[in-house]
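Worksheet for the structure shown next.
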Amino acid sequence: MIIKSKSIEKFVNYSGRKLNAPQQAVIMGASAVLFQPYINRKNKRLDEDTRDMAVARSIGKCIVGNCSDFLARIVAIFSVAKLSNYITKSDKNNEDIVTVLTPKSKLDIFAPNMKDGFAPRHKNELVKDIKSYRFAMGALLATGFAVFLKTTIELPLTKKLTDYFYKREKMKKEIHDKTDRNK
Amino acid sequence: MIKPTGISRFNNYIFKNYAKDSSKLLVHVGTGVTVIGASAQVGMLLADKDIEGHTKKYLVNQEIITSGCCIGLYYTICDGTRRLANRLLEQGKILTEKVAMGLAALNKENHNPQASKWKDSFTKDELKKGISYNLEHIQDTKIYKNASENLKPQVIENAQKTLESFRGFKNGSSVLAVLLASIFAGNIAGPILGNFIASLPAKKDCKQPPCGK
């Protein structure tokens, strides 16, 4: 199949360039808030109270979890970018082939240090690869960060939000029952 | 030059494995975060004294089972989708007109290249290796070997430009495929399956007097 539409091509290329780990957290979070409470609410196998709690918890968990994932990823990617300055040789023009990639200083702990095993590539290709690498390393670092964030910030916040949404679910039901009785 | 240490060996490994393929990263990081998140949530539920006994039992079961389903489905569906998307693209089942035209134009003897006839630029054996491989190793292809000496630099230049467009499209396609697959696996299929399995014992519990309604 050959895609002739330029707008589809642009959209796909744009997605490849722009969608990365932080955006994944936002998209996953938004869709989770949309689907998971609905799925829990439709679970008729449970008694009403358990179902309300499951709905409230899924809303709280999705909001807090994905917000903290997003923040952790942003912070981690930014830190990696700051600590991964590199030097190359003979790369004045974009078309020049880069053969060596080393960290700029001892502080650049996240810069690849490739003596052997570095496949030579054009400078503009290397710039793109380094950008993807920073996202990748940042996202991995954020996964480690997540252990700390989830136990210190996320859990108490999830509990608070769960309680809030649980009360709201109950209030909604009460209002609904009252209007039913008045009819 | 700064001496390579343990951390730089790890950096090199990440650079080699993830710099060219963002979708692979999304699958692995997503799975890791789900595992950590689920373990933390189970811990929170167990420590929460405000939730009633049978509700807590259900929520803990639900969290463990849903997370298990989500992690399993997430990894298998997302990784499967990523591999399938990459395979379809490498085989040229889905291509943009620009890439197809670039591939067709590799044959410099052909003065009227057509996007639909891009496959004529490669032999059957070459096509099996994938578009990226052929463009990266254009000097090994029949089309390059058959080209006259003065046209060979043009073939190489054309192959590099086409490779760049192809990589951009391939990366975007697999990222989108993985995102859609992760929404389906993590937010729809996982919770539905998890709820179904987790509510089986809960339903049995609720038939007994204290929590039955």
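Here's how to read the names in the structure tokens: chain A, B, ... by the order shown, residue numbers from 1 in each chain, ligand numbers from 1 in the order shown.
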
I want to know what sits within 10 Å of Asn20 of chain A, based on only C-alpha atoms, with residues of the same chain fewer than 6 positions away left out; could you give that as a ChimeraX atom specification? /A:73,132,135-136,139 /B:22-23,25-26,175,179

Which parts of chain A does DSSP call strand (DSSP E) when run on the backbone here, written out as JSON, numbers by chain? {"A": [2, 3, 86, 87, 88, 97, 98, 101, 102, 103, 121, 122]}

Residues of the last selection are to be written out with N, CA and C atoms, as a CSV table (one decimal), in the first residue's frame.
```csv
chain,number,residue,atom,x,y,z
A,2,ILE,N,0.6,2.1,-0.9
A,2,ILE,CA,1.4,3.4,-1.0
A,2,ILE,C,0.5,4.5,-0.5
A,3,ILE,N,1.0,5.2,0.5
A,3,ILE,CA,0.2,6.3,1.1
A,3,ILE,C,0.5,7.6,0.3
A,86,TYR,N,28.8,16.0,24.6
A,86,TYR,CA,29.8,15.1,24.0
A,86,TYR,C,30.7,15.9,23.0
A,87,ILE,N,31.8,15.2,22.7
A,87,ILE,CA,32.7,15.9,21.6
A,87,ILE,C,32.9,14.8,20.5
A,88,THR,N,33.0,15.4,19.3
A,88,THR,CA,33.2,14.6,18.1
A,88,THR,C,34.4,15.2,17.4
A,97,ILE,N,31.3,13.0,8.2
A,97,ILE,CA,31.1,11.7,8.9
A,97,ILE,C,31.8,11.8,10.3
A,98,VAL,N,31.0,11.4,11.3
A,98,VAL,CA,31.6,11.4,12.7
A,98,VAL,C,32.0,10.0,13.0
A,101,LEU,N,33.0,9.4,19.3
A,101,LEU,CA,32.0,10.0,20.1
A,101,LEU,C,32.5,9.8,21.6
A,102,THR,N,32.8,10.9,22.3
A,102,THR,CA,33.3,10.8,23.7
A,102,THR,C,32.7,11.9,24.5
A,103,PRO,N,32.6,11.7,25.9
A,103,PRO,CA,32.0,12.7,26.7
A,103,PRO,C,32.9,14.0,26.8
A,121,ARG,N,28.7,7.8,11.3
A,121,ARG,CA,27.5,8.4,10.7
A,121,ARG,C,27.6,9.8,10.5
A,122,HIS,N,26.7,10.4,9.6
A,122,HIS,CA,26.7,11.8,9.3
A,122,HIS,C,26.4,12.6,10.6
```

Check: which chain A residues lie within 8 Å of chain B using only C-alpha atoms, as a PDB file with C-alpha atoms, in the first residue's frame:
```pdb
ATOM      1  CA  MET A   1       0.000   0.000   0.000  1.00  0.00           C
ATOM      2  CA  ILE A   2       1.392   3.362  -0.988  1.00  0.00           C
ATOM      3  CA  ILE A   3       0.201   6.297   1.103  1.00  0.00           C
ATOM      4  CA  LYS A   4      -0.295   9.271  -1.169  1.00  0.00           C
ATOM      5  CA  GLU A   9       2.876  11.298   6.034  1.00  0.00           C
ATOM      6  CA  VAL A  12       3.288  10.042  11.107  1.00  0.00           C
ATOM      7  CA  ASN A  13       6.712  11.699  10.800  1.00  0.00           C
ATOM      8  CA  TYR A  14       5.719  14.313  13.387  1.00  0.00           C
ATOM      9  CA  SER A  15       4.560  11.568  15.782  1.00  0.00           C
ATOM     10  CA  GLY A  16       7.889   9.791  15.440  1.00  0.00           C
ATOM     11  CA  ARG A  17       9.786  12.988  16.218  1.00  0.00           C
ATOM     12  CA  LEU A  19       5.917  11.455  20.781  1.00  0.00           C
ATOM     13  CA  ASN A  20       8.195  10.114  23.427  1.00  0.00           C
ATOM     14  CA  ALA A  21       8.092   8.803  26.974  1.00  0.00           C
ATOM     15  CA  GLN A  24       3.209   8.524  26.315  1.00  0.00           C
ATOM     16  CA  MET A  28      -1.918   6.756  28.579  1.00  0.00           C
ATOM     17  CA  SER A  31      -7.140   7.307  28.055  1.00  0.00           C
ATOM     18  CA  ALA A  32      -6.918   5.521  31.433  1.00  0.00           C
ATOM     19  CA  PHE A  35     -11.741   3.902  30.118  1.00  0.00           C
ATOM     20  CA  GLN A  36     -10.811   2.394  33.492  1.00  0.00           C
ATOM     21  CA  ILE A  39     -14.935  -0.497  32.940  1.00  0.00           C
ATOM     22  CA  ASN A  40     -15.057  -0.688  36.748  1.00  0.00           C
ATOM     23  CA  ASN A  43     -18.572  -4.519  36.552  1.00  0.00           C
ATOM     24  CA  ARG A  45     -20.349  -8.816  39.515  1.00  0.00           C
ATOM     25  CA  LEU A  46     -19.519  -6.662  42.537  1.00  0.00           C
ATOM     26  CA  ASP A  47     -21.622  -5.220  45.315  1.00  0.00           C
ATOM     27  CA  ASP A  49     -19.843  -0.375  47.735  1.00  0.00           C
ATOM     28  CA  THR A  50     -16.878  -2.306  46.363  1.00  0.00           C
ATOM     29  CA  MET A  53     -14.442   2.146  45.738  1.00  0.00           C
ATOM     30  CA  ALA A  54     -12.953   0.489  42.630  1.00  0.00           C
ATOM     31  CA  GLY A  65       0.166   7.857  38.646  1.00  0.00           C
ATOM     32  CA  THR A 102      33.297  10.797  23.658  1.00  0.00           C
ATOM     33  CA  PRO A 103      32.035  12.711  26.748  1.00  0.00           C
ATOM     34  CA  SER A 105      33.979  16.325  30.603  1.00  0.00           C
ATOM     35  CA  LYS A 106      33.953  14.013  33.603  1.00  0.00           C
ATOM     36  CA  ILE A 109      28.233  10.842  33.031  1.00  0.00           C
ATOM     37  CA  PHE A 110      25.410  10.056  30.622  1.00  0.00           C
ATOM     38  CA  ALA A 111      27.330  10.718  27.393  1.00  0.00           C
ATOM     39  CA  PRO A 112      28.137   7.572  25.410  1.00  0.00           C
ATOM     40  CA  ASN A 113      31.878   6.866  25.465  1.00  0.00           C
ATOM     41  CA  MET A 114      32.461   4.915  22.298  1.00  0.00           C
ATOM     42  CA  ASP A 129      20.430   9.676  17.447  1.00  0.00           C
ATOM     43  CA  ILE A 130      21.738  11.572  20.467  1.00  0.00           C
ATOM     44  CA  LYS A 131      18.334  13.200  20.920  1.00  0.00           C
ATOM     45  CA  SER A 132      16.602   9.799  20.872  1.00  0.00           C
ATOM     46  CA  TYR A 133      19.269   8.413  23.192  1.00  0.00           C
ATOM     47  CA  ALA A 136      15.648   6.769  26.149  1.00  0.00           C
ATOM     48  CA  MET A 137      18.138   7.246  28.963  1.00  0.00           C
ATOM     49  CA  ALA A 139      12.905   7.490  30.484  1.00  0.00           C
ATOM     50  CA  LEU A 140      14.935   4.652  31.985  1.00  0.00           C
ATOM     51  CA  THR A 143      11.604   4.408  35.853  1.00  0.00           C
ATOM     52  CA  ALA A 146       9.335   6.174  39.906  1.00  0.00           C
ATOM     53  CA  VAL A 147      10.165   3.769  42.747  1.00  0.00           C
ATOM     54  CA  LYS A 150       5.456   6.180  43.981  1.00  0.00           C
ATOM     55  CA  THR A 151       6.244   5.329  47.583  1.00  0.00           C
ATOM     56  CA  LEU A 155       0.566   6.611  47.349  1.00  0.00           C
TER      57      LEU A 155
END
```

Pick from A:Asp108, A:Glu154, A:Asp177, A:Glu169, whichever lies nearest to Glu48 of chain A using only C-alpha atoms: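 Looking only at the distances to Glu48 of chain A, the closest residue turns out to be A:Glu169.
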
Give me, as number ranges by chain, all polymer residues having an atom no more than 10 Å from Phe70 of chain A, counting only C-alpha atoms and skipping those fewer than 3 positions away in the same chain. A: 21-26, 29, 64-67, 73-76, 139, 142

File dump, residues just selected, N, CA and C atoms, as a compact mmCIF listing (two decimals), in the first residue's frame:
```txt
# COMPACT_ATOMS: atom_id res chain seq x y z
N ALA A 21 8.56 9.31 25.68
CA ALA A 21 8.09 8.80 26.97
C ALA A 21 7.17 9.77 27.75
N PRO A 22 7.48 11.09 27.85
CA PRO A 22 6.57 11.96 28.62
C PRO A 22 5.18 12.05 27.97
N GLN A 23 5.18 12.16 26.65
CA GLN A 23 3.88 12.24 25.96
C GLN A 23 3.11 10.93 26.10
N GLN A 24 3.86 9.82 26.13
CA GLN A 24 3.21 8.52 26.32
C GLN A 24 2.47 8.51 27.66
N ALA A 25 3.12 9.08 28.71
CA ALA A 25 2.49 9.11 30.03
C ALA A 25 1.19 9.91 29.98
N VAL A 26 1.20 11.05 29.25
CA VAL A 26 -0.01 11.89 29.16
C VAL A 26 -1.12 11.16 28.40
N GLY A 29 -2.40 8.29 30.40
CA GLY A 29 -3.16 8.78 31.55
C GLY A 29 -4.55 9.24 31.15
N VAL A 64 -3.04 10.51 39.52
CA VAL A 64 -1.78 10.72 40.24
C VAL A 64 -0.63 9.95 39.58
N GLY A 65 -0.89 8.70 39.23
CA GLY A 65 0.17 7.86 38.65
C GLY A 65 0.75 8.44 37.38
N ASN A 66 -0.13 8.87 36.48
CA ASN A 66 0.38 9.35 35.21
C ASN A 66 0.98 10.75 35.31
N CYS A 67 0.43 11.58 36.23
CA CYS A 67 1.04 12.91 36.43
C CYS A 67 2.45 12.74 36.97
N ARG A 73 9.57 11.78 34.18
CA ARG A 73 10.21 11.62 32.87
C ARG A 73 10.80 12.95 32.38
N ILE A 74 10.03 14.03 32.59
CA ILE A 74 10.52 15.35 32.16
C ILE A 74 11.82 15.70 32.90
N VAL A 75 11.77 15.54 34.24
CA VAL A 75 12.95 15.88 35.07
C VAL A 75 14.13 15.01 34.66
N ALA A 76 13.89 13.71 34.48
CA ALA A 76 14.98 12.79 34.16
C ALA A 76 15.58 13.11 32.78
N ALA A 139 14.07 8.30 30.13
CA ALA A 139 12.91 7.49 30.48
C ALA A 139 13.30 6.33 31.39
N ALA A 142 13.89 7.71 34.73
CA ALA A 142 12.60 8.05 35.34
C ALA A 142 11.93 6.81 35.93
```

Please measure the separation of atom CA of Gly6 of chain B and atom CA of Glu125 of chain A, giving the value in Å to one decimal.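 Straight-line distance from atom CA of Gly6 of chain B to atom CA of Glu125 of chain A works out to 26.2 Å.
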
Helix (DSSP H, G or I) call set, DSSP backbone run, segment 46-178 of chain B, as a ChimeraX atom specification: /B:46-47,53-90,97-104,115-121,124-129,131-136,138-140,142-146,149-178

Name all residues at most 12 Å from Lys152 of chain B (count only C-alpha atoms; drop same-chain ones fewer than 4 positions away) and give them as a list in words.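 Those residues are Leu106, Asn107, Lys108, Glu109, Ile138, Gln139, Thr141, Lys142, Ile143, Tyr144, Lys145, Asn146, Ala147, Ser148, Ile156, Glu157, Asn158 and Ala159 of chain B.
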
Residue selection dump (N, CA and C atoms) as a PDB file, in the first residue's frame:
```pdb
ATOM      1  N   LEU B 106      16.099   4.845  -7.719  1.00  0.00           N
ATOM      2  CA  LEU B 106      17.467   4.329  -7.537  1.00  0.00           C
ATOM      3  C   LEU B 106      18.022   3.804  -8.855  1.00  0.00           C
ATOM      4  N   ASN B 107      17.119   3.316  -9.687  1.00  0.00           N
ATOM      5  CA  ASN B 107      17.533   2.820 -10.992  1.00  0.00           C
ATOM      6  C   ASN B 107      17.708   4.013 -11.942  1.00  0.00           C
ATOM      7  N   LYS B 108      18.940   4.461 -12.080  1.00  0.00           N
ATOM      8  CA  LYS B 108      19.193   5.679 -12.860  1.00  0.00           C
ATOM      9  C   LYS B 108      18.997   5.470 -14.362  1.00  0.00           C
ATOM     10  N   GLU B 109      18.974   4.218 -14.780  1.00  0.00           N
ATOM     11  CA  GLU B 109      18.766   3.942 -16.214  1.00  0.00           C
ATOM     12  C   GLU B 109      17.290   4.186 -16.587  1.00  0.00           C
ATOM     13  N   ILE B 138      23.792  -0.138   0.097  1.00  0.00           N
ATOM     14  CA  ILE B 138      23.427   0.031  -1.325  1.00  0.00           C
ATOM     15  C   ILE B 138      24.540  -0.484  -2.248  1.00  0.00           C
ATOM     16  N   GLN B 139      25.793  -0.408  -1.778  1.00  0.00           N
ATOM     17  CA  GLN B 139      26.908  -0.866  -2.621  1.00  0.00           C
ATOM     18  C   GLN B 139      26.859  -2.370  -2.898  1.00  0.00           C
ATOM     19  N   THR B 141      24.026  -3.969  -3.529  1.00  0.00           N
ATOM     20  CA  THR B 141      22.837  -4.316  -4.314  1.00  0.00           C
ATOM     21  C   THR B 141      23.170  -4.400  -5.808  1.00  0.00           C
ATOM     22  N   LYS B 142      22.300  -5.138  -6.484  1.00  0.00           N
ATOM     23  CA  LYS B 142      22.509  -5.366  -7.914  1.00  0.00           C
ATOM     24  C   LYS B 142      22.391  -4.053  -8.699  1.00  0.00           C
ATOM     25  N   ILE B 143      21.455  -3.211  -8.232  1.00  0.00           N
ATOM     26  CA  ILE B 143      21.198  -1.958  -8.945  1.00  0.00           C
ATOM     27  C   ILE B 143      22.444  -1.052  -8.949  1.00  0.00           C
ATOM     28  N   TYR B 144      23.170  -1.080  -7.834  1.00  0.00           N
ATOM     29  CA  TYR B 144      24.396  -0.265  -7.729  1.00  0.00           C
ATOM     30  C   TYR B 144      25.487  -0.872  -8.601  1.00  0.00           C
ATOM     31  N   LYS B 145      25.617  -2.180  -8.533  1.00  0.00           N
ATOM     32  CA  LYS B 145      26.665  -2.850  -9.302  1.00  0.00           C
ATOM     33  C   LYS B 145      26.450  -2.686 -10.798  1.00  0.00           C
ATOM     34  N   ASN B 146      25.164  -2.662 -11.192  1.00  0.00           N
ATOM     35  CA  ASN B 146      24.858  -2.536 -12.627  1.00  0.00           C
ATOM     36  C   ASN B 146      24.940  -1.095 -13.137  1.00  0.00           C
ATOM     37  N   ALA B 147      24.929  -0.133 -12.203  1.00  0.00           N
ATOM     38  CA  ALA B 147      24.928   1.278 -12.627  1.00  0.00           C
ATOM     39  C   ALA B 147      26.291   1.655 -13.225  1.00  0.00           C
ATOM     40  N   SER B 148      26.270   2.585 -14.185  1.00  0.00           N
ATOM     41  CA  SER B 148      27.544   3.007 -14.782  1.00  0.00           C
ATOM     42  C   SER B 148      28.339   3.819 -13.750  1.00  0.00           C
ATOM     43  N   ILE B 156      24.149   6.414  -4.565  1.00  0.00           N
ATOM     44  CA  ILE B 156      24.430   6.444  -3.117  1.00  0.00           C
ATOM     45  C   ILE B 156      23.697   7.610  -2.456  1.00  0.00           C
ATOM     46  N   GLU B 157      23.772   8.777  -3.077  1.00  0.00           N
ATOM     47  CA  GLU B 157      23.124   9.974  -2.515  1.00  0.00           C
ATOM     48  C   GLU B 157      21.608   9.777  -2.420  1.00  0.00           C
ATOM     49  N   ASN B 158      21.053   9.219  -3.498  1.00  0.00           N
ATOM     50  CA  ASN B 158      19.612   8.969  -3.526  1.00  0.00           C
ATOM     51  C   ASN B 158      19.204   7.970  -2.440  1.00  0.00           C
ATOM     52  N   ALA B 159      20.044   6.942  -2.274  1.00  0.00           N
ATOM     53  CA  ALA B 159      19.747   5.914  -1.254  1.00  0.00           C
ATOM     54  C   ALA B 159      19.762   6.534   0.139  1.00  0.00           C
TER      55      ALA B 159
END
```

Just the number, please: distance in Å from atom CA of Ser84 of chain A to atom CA of Val127 of chain A, one decimal.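 So the answer is 12.4 Å.
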
Extract, using only C-alpha atoms, all DNA, RNA and protein residues at most 10 Å from Leu84 of chain B, discarding same-chain residues fewer than 6 positions from it, and format them as number ranges by chain. B: 78, 90, 174, 177

Selected residues written out with N, CA and C atoms, as a compact mmCIF listing (two decimals), in the first residue's frame:
```txt
# COMPACT_ATOMS: atom_id res chain seq x y z
N CYS B 78 2.02 -4.95 22.74
CA CYS B 78 2.82 -3.81 22.25
C CYS B 78 4.04 -4.28 21.46
N GLU B 90 9.32 -2.78 6.60
CA GLU B 90 10.57 -3.23 5.97
C GLU B 90 10.30 -4.00 4.68
N SER B 174 5.83 3.04 13.91
CA SER B 174 5.89 2.10 15.02
C SER B 174 5.57 2.78 16.35
N ALA B 177 1.81 2.90 16.39
CA ALA B 177 1.27 1.54 16.58
C ALA B 177 1.41 1.12 18.04
```

Grab the atom CA of Arg181 of chain A to atom CA of Arg57 of chain A distance for me, in Å with one decimal place.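 A separation of 28.9 Å between them.
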
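The smallest atom-to-atom distance between Gly72 of chain B and any of B:Ala185, B:Ala85, B:Ile197, B:Leu103, using only C-alpha atoms, is found for B:Ala185.
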
Could you tell me which of A:Asp52, A:Asp69, A:Arg41, A:Cys62 comes closest to Phe145 of chain A if we count only C-alpha atoms? A:Asp69
